Amino acid sequence: MSLADMDTERGFSGADSECPFSEVIELNVGGQVYVTRHITLVAVPDSLLWTMFSKKTPKDLARDNKGRYFLDRDGFLFRYILDYLRDLNLVLPDYFPEQSRLQREAEFFQLRDLSTRISPRVSKDNSISDDICQSETEEGALQCGIGSSSGMETLRMMSAMSSARSPSPESRKSGYITIGYRGSYSIGRDIQTDAKFRRVARITVCGKTSLAKEVFSDTLNESRDPDRPPERYTSRYYLKFNFLEQAFDKLTEVGFHMVACSSTGTCAYTNNDPNEDTIWTSYMEYVFCRD
């Protein structure tokens with residue numbers, strides 16, 4: 001029997017014999033299980049959790065198949081909601097990229113004080129609406145009246161802000177980026193036959209996160225190493241395209257130059273049949289530097 005199933009049998013909490021909820025409560029929040037005290041959930045009057053666990057009864061609330069109270073919200077971020085409810089204090093990690101989403105959760109749970117505390121800390125890097133693209137800039141100017149002097153002035157101001165975001169040559173950080181790729185090719189028994197190259201499977205990026213994002217921007221696939229701090233190194237990024245020349249172009253455009261390269265080749269498959277091709281795999285790395 002789960003803790004939540006004991007609610008109706010016990011029929012009271014240790015603090016209040018009239019409360020239909022048990023003193024210790026199990027929650028399933030978006031698949032994440034939390035165990036907390038009833039008094040913690042009702043710590044903030046008029047909040048959503050206070051309403052659920054003081055104004056309703058256990059049978060009024062949704063449950064999962066194990067009897068735990070179910071909330072269809074972000075299970076990861078709920079830990080910070082719960083931390084806040086314990087002592088009404090907010091403590092976040094030094095590098096926390098989910099501040100805007102946590103504010104949304106605070107608003108959902110009707111924790112107005114928590115939402116207010118988070119709001120000033122939401123930086124532009126965590127706000128989707130702050131990533132202004134060219135079409136959005138033009139649209140904003142049109143709304144102000146593109147044919148008017150005020151509309152043109154708005155467009156110039158937005159362009160200046162966009163330029164300010166782009167690092168100048170003097171402010172660019174020095175560092176190294178390593179580009180690697182693994183490919184395969186086959187060679188026929190006839191030495192006159194051309195090698196048949198196969199498509200490059202993936203181009204990997206190794207280096208400091210801030211440099212990788214500066215160079216490759218939205219073509220950088222971060223799914224294998226999300227939320228990496230800017231000044232930390234990673235070897236798990238890869239690119240969304242499969243052309244080495246395209247990667248080289250991007251590096252050159254922002255001042256990087258190649259300083260070293262290396263390669264290895266291994267016979268992956270061979271056969272005594274003279275009609276069968278020999279398949280080789282290769283791995284190459286290119287090291288780029290910006291002083």
# chains A, B, ... in the order shown; residues from 1 in each chain; ligands from 1
call {"tool": "residues_around", "arguments": {"residues": "segment 69-84 of chain A", "least_positions_apart": "6", "cutoff": "10 Å", "atoms": "only C-alpha atoms", "output": "ChimeraX atom specification"}}
result
/A:4-5,25-34,36,40-41,43-44,58,61-63,90-92,98-99,101-103,105-106,108-109,111,114
call {"tool": "residues_around", "arguments": {"residues": "Tyr283 of chain A", "least_positions_apart": "5", "cutoff": "6 Å", "atoms": "only C-alpha atoms", "output": "JSON, numbers by chain"}}
result
{"A": [181, 182, 263, 264]}
call {"tool": "closest_atom_pairs", "arguments": {"of": "segment 7-106 of chain A", "to": "segment 217-229 of chain A", "cutoff": "9 Å", "atoms": "only C-alpha atoms", "output": "JSON lines"}}
result
{"residue": "A:Tyr95", "atom": "CA", "partner": "A:Pro229", "partner_atom": "CA", "distance": 6.5}
{"residue": "A:Phe96", "atom": "CA", "partner": "A:Asp227", "partner_atom": "CA", "distance": 8.1}
{"residue": "A:Pro97", "atom": "CA", "partner": "A:Asp227", "partner_atom": "CA", "distance": 6.6}
{"residue": "A:Glu98", "atom": "CA", "partner": "A:Asp227", "partner_atom": "CA", "distance": 9.0}
call {"tool": "atom_distance", "arguments": {"atom1": "atom CA of Glu18 of chain A", "atom2": "atom CA of Leu48 of chain A"}}
result
20.5 Å
